[in-house]
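Trainee: First the structure, which I've put down as structure tokens, then a few questions once you've had a look.
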Amino acid sequence: MTRNIPLPARWLRLFSRVVIIIFVFVIASCWDDTGNEARDGLADSGIRYIDSTEQFNKIIQMSGERLLMFDFYADWCPPCKEIEPVLEKIAKDKGDIVTVYKINIDRNRALADSFRVSGIPHVVYFKNEETVLSLSGLYPKNMYLKLVERFSSAVEL
């Protein structure tokens with residue numbers, strides 16, 4: 001049995017379905033994926049991202065004697081945005097002696113808690129599977145560079 005729906009009603013039904021589909025796609029494209037813009041911009045800078053405690057542990061276990069820098073940050077933090085170019089420069093210029101990682105504290109709360117991060121930016125220098133120094137706050141670029149030089153050349157006795 002076929003229902004005879006008047007033409008304007010059919011068009012209205014079709015139009016409402018199209019509007020709903022468009023609405024769903026617009027909402028999906030606006031979905032908050034905080035940090036991807038910054039992440040995409042730093043993809044070729046040498047800075048790497050850590051997305052889980054498991055990933056962090058694997059990096060530590062495989063690092064050997066290599067110096068690692070971990071920047072605990074948040075997308076909403078102005079000082080964290082200020083330190084980004086400094087870390088990018090270190091990653092590019094000193095990539096042969098240090099690997100720079102960024103860890104978003106909003107996405108990795110347990111990892112931030114394990115390092116007792118109470119202020120950001122919080123940079124942790126790591127070598128031989130141990131923390132060698134932690135800095136909370138924003139410091140001059142020269143200080144980060146001196147610490148990279150110091151800890152990358154430090155030899156365990």
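Ordering of the structure tokens sets the chain letters (A, B, ...), residue numbers begin anew at 1 in every chain, and ligands are numbered from 1 in the order given.
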Need the shell around Leu111 of chain A: protein/DNA/RNA residues with any atom at most 12 Å away, counting only C-alpha atoms. Skip same-chain ones fewer than 2 positions apart. Format as an mmCIF file with N, CA and C atoms, in the first residue's frame?
Mentor:
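The result, stored in out20.cif:
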```
data_model
loop_
_atom_site.group_PDB
_atom_site.id
_atom_site.type_symbol
_atom_site.label_atom_id
_atom_site.label_comp_id
_atom_site.auth_asym_id
_atom_site.auth_seq_id
_atom_site.Cartn_x
_atom_site.Cartn_y
_atom_site.Cartn_z
ATOM 1 N N ILE A 50 53.857 12.732 24.317
ATOM 2 C CA ILE A 50 53.577 11.524 25.082
ATOM 3 C C ILE A 50 52.100 11.568 25.450
ATOM 4 N N ASP A 51 51.404 10.483 25.113
ATOM 5 C CA ASP A 51 49.957 10.438 25.312
ATOM 6 C C ASP A 51 49.506 9.487 26.413
ATOM 7 N N SER A 52 50.441 8.758 27.035
ATOM 8 C CA SER A 52 50.037 7.822 28.083
ATOM 9 C C SER A 52 51.222 7.481 28.977
ATOM 10 N N THR A 53 50.909 6.960 30.150
ATOM 11 C CA THR A 53 51.942 6.514 31.082
ATOM 12 C C THR A 53 52.712 5.342 30.488
ATOM 13 N N GLU A 54 52.014 4.468 29.775
ATOM 14 C CA GLU A 54 52.669 3.323 29.157
ATOM 15 C C GLU A 54 53.697 3.780 28.129
ATOM 16 N N GLN A 55 53.333 4.764 27.320
ATOM 17 C CA GLN A 55 54.254 5.301 26.323
ATOM 18 C C GLN A 55 55.463 5.939 27.016
ATOM 19 N N PHE A 56 55.222 6.681 28.082
ATOM 20 C CA PHE A 56 56.302 7.301 28.845
ATOM 21 C C PHE A 56 57.264 6.238 29.379
ATOM 22 N N ASN A 57 56.726 5.195 30.005
ATOM 23 C CA ASN A 57 57.560 4.131 30.569
ATOM 24 C C ASN A 57 58.400 3.440 29.500
ATOM 25 N N PHE A 70 61.347 16.502 29.437
ATOM 26 C CA PHE A 70 59.902 16.377 29.414
ATOM 27 C C PHE A 70 59.291 17.703 29.842
ATOM 28 N N ASP A 71 58.472 18.275 28.985
ATOM 29 C CA ASP A 71 57.782 19.525 29.282
ATOM 30 C C ASP A 71 56.334 19.216 29.618
ATOM 31 N N PHE A 72 55.984 19.350 30.898
ATOM 32 C CA PHE A 72 54.593 19.202 31.319
ATOM 33 C C PHE A 72 53.928 20.542 31.085
ATOM 34 N N TYR A 73 52.861 20.552 30.312
ATOM 35 C CA TYR A 73 52.238 21.806 29.882
ATOM 36 C C TYR A 73 50.719 21.658 29.821
ATOM 37 N N LYS A 102 56.732 16.574 25.035
ATOM 38 C CA LYS A 102 55.707 17.387 25.677
ATOM 39 C C LYS A 102 54.635 16.455 26.217
ATOM 40 N N ILE A 103 54.181 16.766 27.438
ATOM 41 C CA ILE A 103 53.148 15.965 28.093
ATOM 42 C C ILE A 103 52.048 16.905 28.562
ATOM 43 N N ASN A 104 50.873 16.757 28.007
ATOM 44 C CA ASN A 104 49.733 17.596 28.371
ATOM 45 C C ASN A 104 49.181 17.119 29.716
ATOM 46 N N ILE A 105 49.212 18.005 30.716
ATOM 47 C CA ILE A 105 48.781 17.595 32.061
ATOM 48 C C ILE A 105 47.284 17.353 32.150
ATOM 49 N N ASP A 106 46.506 17.989 31.277
ATOM 50 C CA ASP A 106 45.061 17.777 31.298
ATOM 51 C C ASP A 106 44.686 16.398 30.761
ATOM 52 N N ARG A 107 45.487 15.870 29.880
ATOM 53 C CA ARG A 107 45.232 14.556 29.296
ATOM 54 C C ARG A 107 45.980 13.440 30.015
ATOM 55 N N ASN A 108 47.006 13.799 30.770
ATOM 56 C CA ASN A 108 47.860 12.813 31.449
ATOM 57 C C ASN A 108 48.020 13.170 32.920
ATOM 58 N N ARG A 109 46.919 13.277 33.605
ATOM 59 C CA ARG A 109 46.922 13.707 35.008
ATOM 60 C C ARG A 109 47.742 12.770 35.897
ATOM 61 N N ASP A 113 50.868 13.850 38.114
ATOM 62 C CA ASP A 113 50.845 13.621 39.564
ATOM 63 C C ASP A 113 52.058 12.818 40.026
ATOM 64 N N SER A 114 52.493 11.870 39.218
ATOM 65 C CA SER A 114 53.643 11.054 39.609
ATOM 66 C C SER A 114 54.927 11.884 39.678
ATOM 67 N N PHE A 115 54.966 13.003 38.969
ATOM 68 C CA PHE A 115 56.110 13.915 39.035
ATOM 69 C C PHE A 115 55.835 15.109 39.957
ATOM 70 N N ARG A 116 54.714 15.043 40.658
ATOM 71 C CA ARG A 116 54.312 16.100 41.593
ATOM 72 C C ARG A 116 54.303 17.471 40.935
ATOM 73 N N VAL A 117 53.766 17.516 39.730
ATOM 74 C CA VAL A 117 53.666 18.778 38.995
ATOM 75 C C VAL A 117 52.591 19.627 39.652
#
```
Trainee: Set the distance at 12 Å and use only C-alpha atoms: which residues neighbour Trp76 of chain A once local chain neighbours fewer than 2 positions away are removed? I'd like the list as a PDB file with C-alpha atoms, in the first residue's frame.
Mentor:
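This is the output file out_25.pdb:
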```
ATOM      1  CA  THR A  34      42.202  20.761  22.101  1.00  0.00           C
ATOM      2  CA  GLY A  35      45.850  20.903  21.273  1.00  0.00           C
ATOM      3  CA  ALA A  38      49.669  23.236  18.344  1.00  0.00           C
ATOM      4  CA  TYR A  73      52.238  21.806  29.882  1.00  0.00           C
ATOM      5  CA  ALA A  74      48.621  22.793  29.263  1.00  0.00           C
ATOM      6  CA  PRO A  78      50.468  31.389  28.580  1.00  0.00           C
ATOM      7  CA  PRO A  79      53.955  30.595  30.020  1.00  0.00           C
ATOM      8  CA  CYS A  80      53.723  27.158  28.397  1.00  0.00           C
ATOM      9  CA  LYS A  81      53.175  28.855  25.049  1.00  0.00           C
ATOM     10  CA  GLU A  82      56.197  31.092  25.718  1.00  0.00           C
ATOM     11  CA  ASN A 104      49.733  17.596  28.371  1.00  0.00           C
ATOM     12  CA  ILE A 105      48.781  17.595  32.061  1.00  0.00           C
ATOM     13  CA  ASP A 106      45.061  17.777  31.298  1.00  0.00           C
ATOM     14  CA  ILE A 120      53.472  24.675  34.748  1.00  0.00           C
ATOM     15  CA  PRO A 121      55.484  24.747  32.658  1.00  0.00           C
TER      16      PRO A 121
END
```
Trainee: Atom CA of Ser153 of chain A to atom CA of Thr99 of chain A: how many Å, to one decimal?
Mentor: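 These two atoms are separated by 14.1 Å.
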Trainee: Taking only C-alpha atoms into account, name the residue in A:Arg13, A:Lys127, A:His122, A:Lys146 that is nearest to Ile90 of chain A.
Mentor: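 The answer is A:Lys146, which sits nearest to Ile90 of chain A.
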Trainee: Counting only C-alpha atoms, figure out which residue out of A:Val148, A:Pro140, A:Glu129, A:Arg17 gets nearest to Ser63 of chain A.
Mentor: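 Ranking A:Val148, A:Pro140, A:Glu129, A:Arg17 by distance to Ser63 of chain A, first place goes to A:Glu129.
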Trainee: Excluding Val98 of chain A and residues on its chain fewer than 5 positions from it, collect all residues at most 7 Å away from it, counting only C-alpha atoms, and give them as a PDB file with N, CA and C atoms, in the first residue's frame.
Mentor:
```pdb
ATOM      1  N   ARG A  66      70.794   8.360  26.982  1.00  0.00           N
ATOM      2  CA  ARG A  66      70.378   9.578  26.286  1.00  0.00           C
ATOM      3  C   ARG A  66      69.654  10.518  27.248  1.00  0.00           C
ATOM      4  N   LEU A  67      69.918  11.817  27.102  1.00  0.00           N
ATOM      5  CA  LEU A  67      69.236  12.832  27.900  1.00  0.00           C
ATOM      6  C   LEU A  67      67.848  13.082  27.302  1.00  0.00           C
ATOM      7  N   LEU A  68      66.861  13.122  28.181  1.00  0.00           N
ATOM      8  CA  LEU A  68      65.478  13.399  27.782  1.00  0.00           C
ATOM      9  C   LEU A  68      64.987  14.630  28.522  1.00  0.00           C
TER      10      LEU A  68
END
```
Trainee: Select, from A:Arg150, A:Gly137, A:Arg48, A:Asn128, the residue with the minimum atom-to-atom distance to Lys92 of chain A, counting only C-alpha atoms.
Mentor: A:Arg48
Trainee: Find the residue from A:Leu87, A:Ile47, A:Val132, A:Ala112 that sits nearest to Tyr144 of chain A; use only C-alpha atoms when measuring.
Mentor: A:Leu87
